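coords.cif (mmCIF, C-alpha atoms)
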data_target
#
loop_
_atom_site.label_atom_id
_atom_site.label_comp_id
_atom_site.auth_asym_id
_atom_site.auth_seq_id
_atom_site.Cartn_x
_atom_site.Cartn_y
_atom_site.Cartn_z
CA MET S 1 70.05 -9.05 -5.37
CA ARG S 2 68.08 -10.47 -2.48
CA LEU S 3 65.61 -8.21 -0.71
CA GLN S 4 63.73 -8.92 2.50
CA SER S 5 61.23 -6.58 4.16
CA ALA S 6 59.31 -6.60 7.42
CA PHE S 7 56.82 -4.29 9.10
CA PRO S 8 57.46 -3.18 12.68
CA VAL S 9 55.52 -4.39 15.69
CA PRO S 10 52.25 -2.44 16.21
CA ALA S 11 53.69 -0.25 18.97
CA LEU S 12 56.30 1.15 16.57
CA ARG S 13 54.13 1.73 13.50
CA ASP S 14 53.52 5.41 14.21
CA CYS S 15 57.29 5.92 13.99
CA VAL S 16 58.66 3.21 11.67
CA ARG S 17 57.46 2.25 8.18
CA ARG S 18 59.51 -0.88 7.58
CA PHE S 19 62.79 -2.72 7.93
CA GLN S 20 64.69 -3.94 4.88
CA GLU S 21 67.75 -6.01 4.14
CA ARG S 22 69.48 -6.01 0.74
CA LYS S 23 72.23 -8.42 -0.21
CA ALA S 24 74.12 -8.77 -3.47
CA HIS S 25 77.46 -9.80 -4.92
CA ILE S 26 78.38 -7.61 -7.89
CA VAL S 27 81.19 -9.22 -9.88
CA GLY S 28 83.24 -7.79 -12.73
CA GLY S 29 81.95 -4.22 -12.68
CA VAL S 30 79.84 -1.68 -10.88
CA VAL S 31 76.18 -0.70 -10.77
CA ALA S 32 75.33 3.02 -10.81
CA TYR S 33 71.99 3.74 -9.19
CA PRO S 34 70.51 7.27 -9.35
CA ILE S 35 68.94 8.69 -6.20
CA ALA S 36 65.92 10.84 -7.01
CA ALA S 37 63.90 12.94 -4.58
CA ARG S 38 62.31 10.86 -1.85
CA PRO S 39 60.37 11.63 1.31
CA GLU S 40 61.76 9.07 3.74
CA GLN S 41 64.13 9.48 6.64
CA ILE S 42 66.30 6.41 7.02
CA LEU S 43 68.91 4.93 9.32
CA GLU S 44 71.09 2.60 7.26
CA PHE S 45 73.86 0.14 8.13
CA TYR S 46 76.46 -1.13 5.61
CA LEU S 47 77.63 -4.46 6.96
CA GLN S 48 80.09 -5.71 4.30
CA ASP S 49 81.74 -3.71 1.52
CA PRO S 50 81.14 0.04 1.87
CA TYR S 51 78.65 2.06 -0.12
CA ARG S 52 80.06 4.73 -2.40
CA VAL S 53 78.19 7.81 -3.56
CA ARG S 54 78.96 10.17 -6.43
CA PHE S 55 77.56 13.68 -5.95
CA GLY S 56 76.63 15.97 -8.84
CA ASP S 57 79.26 16.11 -11.59
CA SER S 58 82.00 14.64 -9.41
CA VAL S 59 84.02 11.85 -11.03
CA THR S 60 85.33 10.29 -7.82
CA PRO S 61 82.75 8.70 -5.51
CA GLU S 62 82.87 9.20 -1.75
CA ILE S 63 82.86 6.28 0.67
CA LEU S 64 79.98 6.45 3.15
CA PRO S 65 80.44 5.74 6.87
CA ARG S 66 79.43 2.30 8.15
CA SER S 67 76.07 3.71 9.24
CA VAL S 68 74.27 6.88 8.15
CA VAL S 69 71.19 8.93 8.92
CA VAL S 70 69.65 10.25 5.69
CA GLY S 71 67.01 12.96 5.58
CA PRO S 72 64.35 13.57 2.94
CA CYS S 73 65.75 14.42 -0.50
CA THR S 74 64.26 17.16 -2.69
CA TYR S 75 66.12 16.59 -5.98
CA ARG S 76 68.39 14.14 -7.76
CA ARG S 77 71.67 15.04 -6.11
CA ALA S 78 73.71 11.84 -6.28
CA GLU S 79 74.04 8.26 -7.47
CA LEU S 80 75.16 5.14 -5.67
CA VAL S 81 78.17 3.32 -7.11
CA LEU S 82 77.78 -0.31 -6.04
CA GLU S 83 80.32 -3.11 -6.27
CA GLY S 84 81.56 -6.12 -4.35
CA ARG S 85 79.63 -7.83 -1.57
CA LEU S 86 76.79 -5.72 -0.29
CA ASP S 87 74.82 -6.32 2.89
CA VAL S 88 72.63 -3.38 3.89
CA PHE S 89 70.10 -3.10 6.70
CA THR S 90 67.71 -0.14 6.56
CA ILE S 91 65.24 1.34 9.03
CA SER S 92 62.73 3.51 7.16
CA PHE S 93 60.86 5.94 9.41
CA GLN S 94 57.42 7.44 9.13
CA ALA S 95 57.25 11.12 8.10
CA SER S 96 57.87 12.32 11.65
CA GLY S 97 59.23 9.06 13.04
CA PHE S 98 62.86 10.03 13.50
CA HIS S 99 61.87 13.25 15.25
CA GLN S 100 59.46 11.41 17.54
CA LEU S 101 62.03 8.82 18.61
CA PHE S 102 65.17 10.96 18.78
CA GLY S 103 63.67 14.38 19.51
CA MET S 104 65.76 16.25 16.94
CA PRO S 105 64.57 19.11 14.71
CA MET S 106 64.69 17.72 11.19
CA THR S 107 65.25 20.87 9.11
CA ALA S 108 69.02 20.28 9.13
CA PHE S 109 68.55 16.80 7.65
CA ALA S 110 66.94 17.79 4.33
CA ASP S 111 69.18 16.74 1.40
CA GLN S 112 71.85 15.54 3.84
CA ALA S 113 73.39 12.29 5.05
CA TYR S 114 75.31 12.17 8.33
CA ASP S 115 77.48 9.61 10.03
CA ALA S 116 75.00 7.95 12.39
CA SER S 117 77.46 8.06 15.29
CA SER S 118 77.54 11.86 15.08
CA VAL S 119 73.73 11.97 15.27
CA ILE S 120 72.66 9.26 17.70
CA GLY S 121 75.99 8.59 19.42
CA PRO S 122 78.06 5.44 20.08
CA VAL S 123 74.94 3.26 20.07
CA ALA S 124 75.12 3.36 16.24
CA SER S 125 78.37 1.36 16.28
CA GLU S 126 76.97 -1.04 18.89
CA ILE S 127 73.90 -1.77 16.74
CA GLU S 128 76.07 -2.16 13.64
CA GLU S 129 78.18 -4.82 15.39
CA LYS S 130 75.09 -6.71 16.57
CA LEU S 131 73.54 -6.61 13.09
CA ALA S 132 76.74 -7.91 11.50
CA GLU S 133 76.82 -10.84 13.95
CA ALA S 134 73.10 -11.68 13.67
CA SER S 135 72.19 -15.04 12.17
CA ASP S 136 69.52 -13.80 9.75
CA PHE S 137 67.19 -10.95 8.80
CA HIS S 138 64.62 -11.75 11.49
CA ALA S 139 67.31 -11.65 14.17
CA ARG S 140 68.34 -8.24 12.87
CA VAL S 141 64.76 -7.00 13.07
CA ARG S 142 64.59 -8.14 16.69
CA ILE S 143 67.81 -6.26 17.51
CA VAL S 144 66.60 -2.92 16.17
CA THR S 145 63.09 -3.46 17.57
CA ILE S 146 64.50 -3.72 21.10
CA PHE S 147 66.52 -0.54 20.55
CA LEU S 148 63.60 1.42 19.11
CA MET S 149 61.15 0.23 21.78
CA GLN S 150 63.51 1.60 24.43
CA LEU S 151 63.39 4.98 22.71
CA LEU S 152 59.61 4.81 22.35
CA ARG S 153 59.18 4.47 26.11
CA GLU S 154 60.81 7.88 26.49
CA VAL S 155 58.33 9.60 24.14
CA SER S 156 56.22 11.62 26.55
CA GLN S 157 53.04 12.25 24.58
CA ARG S 158 51.41 11.94 21.19
CA ASP S 159 52.15 14.83 18.84
CA PHE S 160 49.13 15.73 16.68
CA VAL S 161 51.19 17.54 14.04
CA ALA S 162 53.43 14.50 13.79
CA ALA S 163 50.39 12.26 13.35
CA ILE S 164 49.14 14.44 10.50
CA ALA S 165 52.59 14.38 8.91
CA ASN S 166 52.42 10.59 8.90
CA ARG S 167 49.05 10.78 7.14
CA PHE S 168 50.67 12.80 4.34
CA LEU S 169 52.95 9.83 3.72
CA ARG S 170 50.23 7.18 3.95
CA GLU S 171 47.82 9.10 1.72
CA ARG S 172 50.35 10.00 -0.99
CA GLY S 173 50.33 13.68 -0.13
CA ALA S 174 46.60 14.05 -0.78
CA LEU S 175 45.80 16.10 2.36
CA ARG S 176 45.14 19.81 1.92
CA ILE S 177 47.44 22.04 3.96
CA GLY S 178 44.61 24.27 5.21
CA ASP S 179 42.54 21.28 6.34
CA ALA S 180 45.55 19.73 8.06
CA ALA S 181 46.32 22.98 9.92
CA ALA S 182 42.70 23.26 11.05
CA LYS S 183 42.73 19.71 12.40
CA ALA S 184 45.84 20.57 14.39
CA GLY S 185 44.22 23.74 15.72
CA LEU S 186 46.93 25.92 14.19
CA SER S 187 47.22 28.66 11.63
CA VAL S 188 48.67 27.57 8.28
CA ARG S 189 51.96 29.32 9.05
CA GLN S 190 52.23 27.71 12.50
CA PHE S 191 51.44 24.32 11.01
CA GLU S 192 54.03 24.71 8.25
CA ARG S 193 56.72 25.64 10.77
CA ARG S 194 55.98 22.72 13.09
CA PHE S 195 55.63 20.30 10.18
CA ALA S 196 59.06 21.27 8.82
CA GLU S 197 60.59 20.85 12.29
CA ARG S 198 59.25 17.29 12.54
CA VAL S 199 59.69 16.18 8.93
CA GLY S 200 62.49 18.31 7.50
CA LEU S 201 60.52 19.92 4.66
CA PRO S 202 57.56 22.31 4.28
CA PRO S 203 54.31 20.33 3.90
CA LYS S 204 53.54 21.42 0.32
CA ARG S 205 56.93 20.35 -1.01
CA TYR S 206 56.82 17.16 1.02
CA ALA S 207 53.40 16.25 -0.39
CA LYS S 208 54.66 16.68 -3.96
CA ILE S 209 57.65 14.43 -3.32
CA VAL S 210 55.43 11.79 -1.70
CA ARG S 211 53.20 11.74 -4.79
CA PHE S 212 56.19 11.58 -7.14
CA GLN S 213 57.68 8.69 -5.16
CA ALA S 214 54.34 6.86 -5.23
CA ALA S 215 54.33 7.08 -9.04
CA LEU S 216 57.92 5.85 -9.28
CA GLU S 217 57.29 2.90 -6.95
CA ALA S 218 54.11 1.97 -8.85
CA LYS S 219 56.05 1.75 -12.12
CA ILE S 220 58.88 -0.25 -10.57
CA ALA S 221 56.37 -2.69 -9.10
CA ALA S 222 54.47 -3.09 -12.41
CA PRO S 223 56.77 -2.13 -15.34
CA ARG S 224 54.09 -2.82 -17.97
CA ARG S 225 51.56 -0.54 -16.36
CA LEU S 226 50.77 2.60 -18.39
CA TRP S 227 52.08 5.90 -17.09
CA THR S 228 48.65 7.46 -17.69
CA ASP S 229 47.06 4.96 -15.30
CA ILE S 230 49.73 5.58 -12.68
CA ALA S 231 49.39 9.36 -12.94
CA HIS S 232 45.63 9.15 -12.38
CA ASP S 233 45.95 6.63 -9.55
CA VAL S 234 48.39 8.68 -7.47
CA GLY S 235 46.48 11.94 -7.86
CA TYR S 236 48.03 13.89 -10.73
CA TYR S 237 45.74 16.09 -12.82
CA ASP S 238 47.16 14.55 -15.99
CA GLN S 239 50.25 12.79 -17.30
CA MET S 240 52.07 16.03 -18.19
CA HIS S 241 51.76 17.18 -14.58
CA MET S 242 53.56 13.98 -13.56
CA VAL S 243 56.20 14.44 -16.28
CA ARG S 244 57.02 17.91 -14.91
CA ASP S 245 57.45 16.46 -11.42
CA PHE S 246 59.81 13.79 -12.76
CA GLU S 247 61.89 16.44 -14.49
CA ARG S 248 62.01 18.39 -11.25
CA PHE S 249 62.63 15.53 -8.82
CA ALA S 250 64.46 12.96 -10.97
CA GLY S 251 66.13 15.24 -13.51
CA GLU S 252 64.54 13.65 -16.59
CA SER S 253 61.35 12.20 -18.04
CA PRO S 254 59.61 9.21 -16.39
CA THR S 255 60.55 6.85 -19.23
CA ALA S 256 64.20 7.95 -19.31
CA PHE S 257 64.59 7.70 -15.55
CA ILE S 258 62.95 4.29 -15.17
CA LYS S 259 65.30 2.82 -17.81
CA ARG S 260 68.19 3.42 -15.44
CA PHE S 261 66.90 0.69 -13.16
CA GLY S 262 67.60 -1.95 -15.77
CA MET S 263 66.83 -5.33 -14.25
CA MET S 264 66.67 -3.98 -10.70
CA SER S 265 63.15 -4.39 -9.35
CA GLU S 266 63.64 -2.49 -6.09
CA PRO S 267 65.44 0.74 -5.12
CA TRP S 268 68.69 0.25 -3.17
CA ALA S 269 68.24 3.22 -0.90
#
Could I get this file's structure written as structure tokens?
Amino acid sequence: MRLQSAFPVPALRDCVRRFQERKAHIVGGVVAYPIAARPEQILEFYLQDPYRVRFGDSVTPEILPRSVVVGPCTYRRAELVLEGRLDVFTISFQASGFHQLFGMPMTAFADQAYDASSVIGPVASEIEEKLAEASDFHARVRIVTIFLMQLLREVSQRDFVAAIANRFLRERGALRIGDAAAKAGLSVRQFERRFAERVGLPPKRYAKIVRFQAALEAKIAAPRRLWTDIAHDVGYYDQMHMVRDFERFAGESPTAFIKRFGMMSEPWA
């Protein structure tokens, strides 16, 4: 597998976390990759062989559309079934980034993946074609940057609740809900409602998933690092608190879940 990543231009960083490209040629079998809970909203393009996803206890995987919009995920609901030649380009948004750029309420996107054309219109197919024809990763980044900058120009004003939502993601969910509501000049209930509209999840649940994902990414990045160190670093009270979150969001213990990655050093989606 070959992975490339790039950060967006400064003007887009309130809305976009990063761009990524993953390429692989899987020969003589398949790779099953579990999808645990995760906070990100993504727009993803499959530029060679299609992605297949197996949901729940289903035996037969479903073929995904050529491009999809995926909302935040609150539990381990599926696994990717990967084979053949894979070429995937992903736009990962900030907590409220998709809402800011496309103006859509995000509550309908939680635990869902939609054909991108049904969400953002025919432009999804146009971008897919341009990405497939692009000479390299940097050319692809330029293509989506032009598209996203056009959307950004239509954003009328800065949304303070959206800005706080992005801080939840940057700070691993460490913000207190009451403090965040006060900064926004809202009651806790008003803040929770507006947060869910912009992000797709209530803030308390979102913060827990952000912290869980931070622990998972820390272990993937440094496999020899002790779980106790990771738990402390990302803000858990103790290791057992983290274990309970893994059982809730990944369906099994931290050690059991991380073994499923095998030799893969980065998540596929």
As a check of understanding, name the residues that the PyMOL selection byres ((chain S and resi 53) around 6) selects in the supplied structure, as a short mmCIF file (atom, residue, chain, number, x, y, z; two decimals) with C-alpha atoms, in the frame of the given file.
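Output saved as selection_37.cif:
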data_model
loop_
_atom_site.label_atom_id
_atom_site.label_comp_id
_atom_site.auth_asym_id
_atom_site.auth_seq_id
_atom_site.Cartn_x
_atom_site.Cartn_y
_atom_site.Cartn_z
CA ARG S 52 80.06 4.73 -2.40
CA ARG S 54 78.96 10.17 -6.43
CA PRO S 61 82.75 8.70 -5.51
CA GLU S 62 82.87 9.20 -1.75
CA GLU S 79 74.04 8.26 -7.47
CA LEU S 80 75.16 5.14 -5.67
CA VAL S 81 78.17 3.32 -7.11
#
Selection result for the PyMOL selection byres ((chain S and resi 210-214) around 9) on this file, as a PyMOL selection string: chain S and resi 36-40+168-174+205-209+215-219+230+234-236+242+245-246+249
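Take the candidates S:Arg13, S:Arg2, S:Arg85, S:Arg76 and check each one against Gly29 (chain S) using all atoms listed in the file; the shortest distance goes to S:Arg85.
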Expansion of the PyMOL selection byres ((chain S and resi 255-259) around 9) into residues, as a PyMOL selection string: chain S and resi 34+216+219-220+223+227+246+250-254+260-262
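Compared by their closest atoms to Ala24 (chain S), and using only C-alpha atoms, the residues S:Pro105, S:Glu83, S:Val59, S:Lys130 rank with S:Glu83 nearest.
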Test item: residues at most 7 Å from Leu43 (chain S), all atoms listed in the file, excluding those fewer than 3 positions along its chain, as a ChimeraX atom specification: /S:68-70,90-92
If we draw a sphere of 7 Å around (46.0, 20.0, -1.7), which residues have at least one atom in it when counting all atoms listed in the file? Please report them as a list in words. Ala174, Leu175, Arg176 and Ile177 of chain S
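Between CA of Phe160 (chain S) and CA of Arg189 (chain S) the separation is 15.8 Å.
One distance worth recording is that between CA of Glu44 (chain S) and CA of Ala32 (chain S), which is 18.6 Å.
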Nearest candidate to Gly103 (chain S) (options S:Glu129, S:Arg66, S:Asp159, S:Arg140; using only C-alpha atoms):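 For Gly103 (chain S), the nearest of the candidates is S:Asp159.
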Suppose you want the space between CA of Pro10 (chain S) and CA of Ala162 (chain S); what is it in Å?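 Interatomic distance, CA of Pro10 (chain S) to CA of Ala162 (chain S): 17.2 Å.
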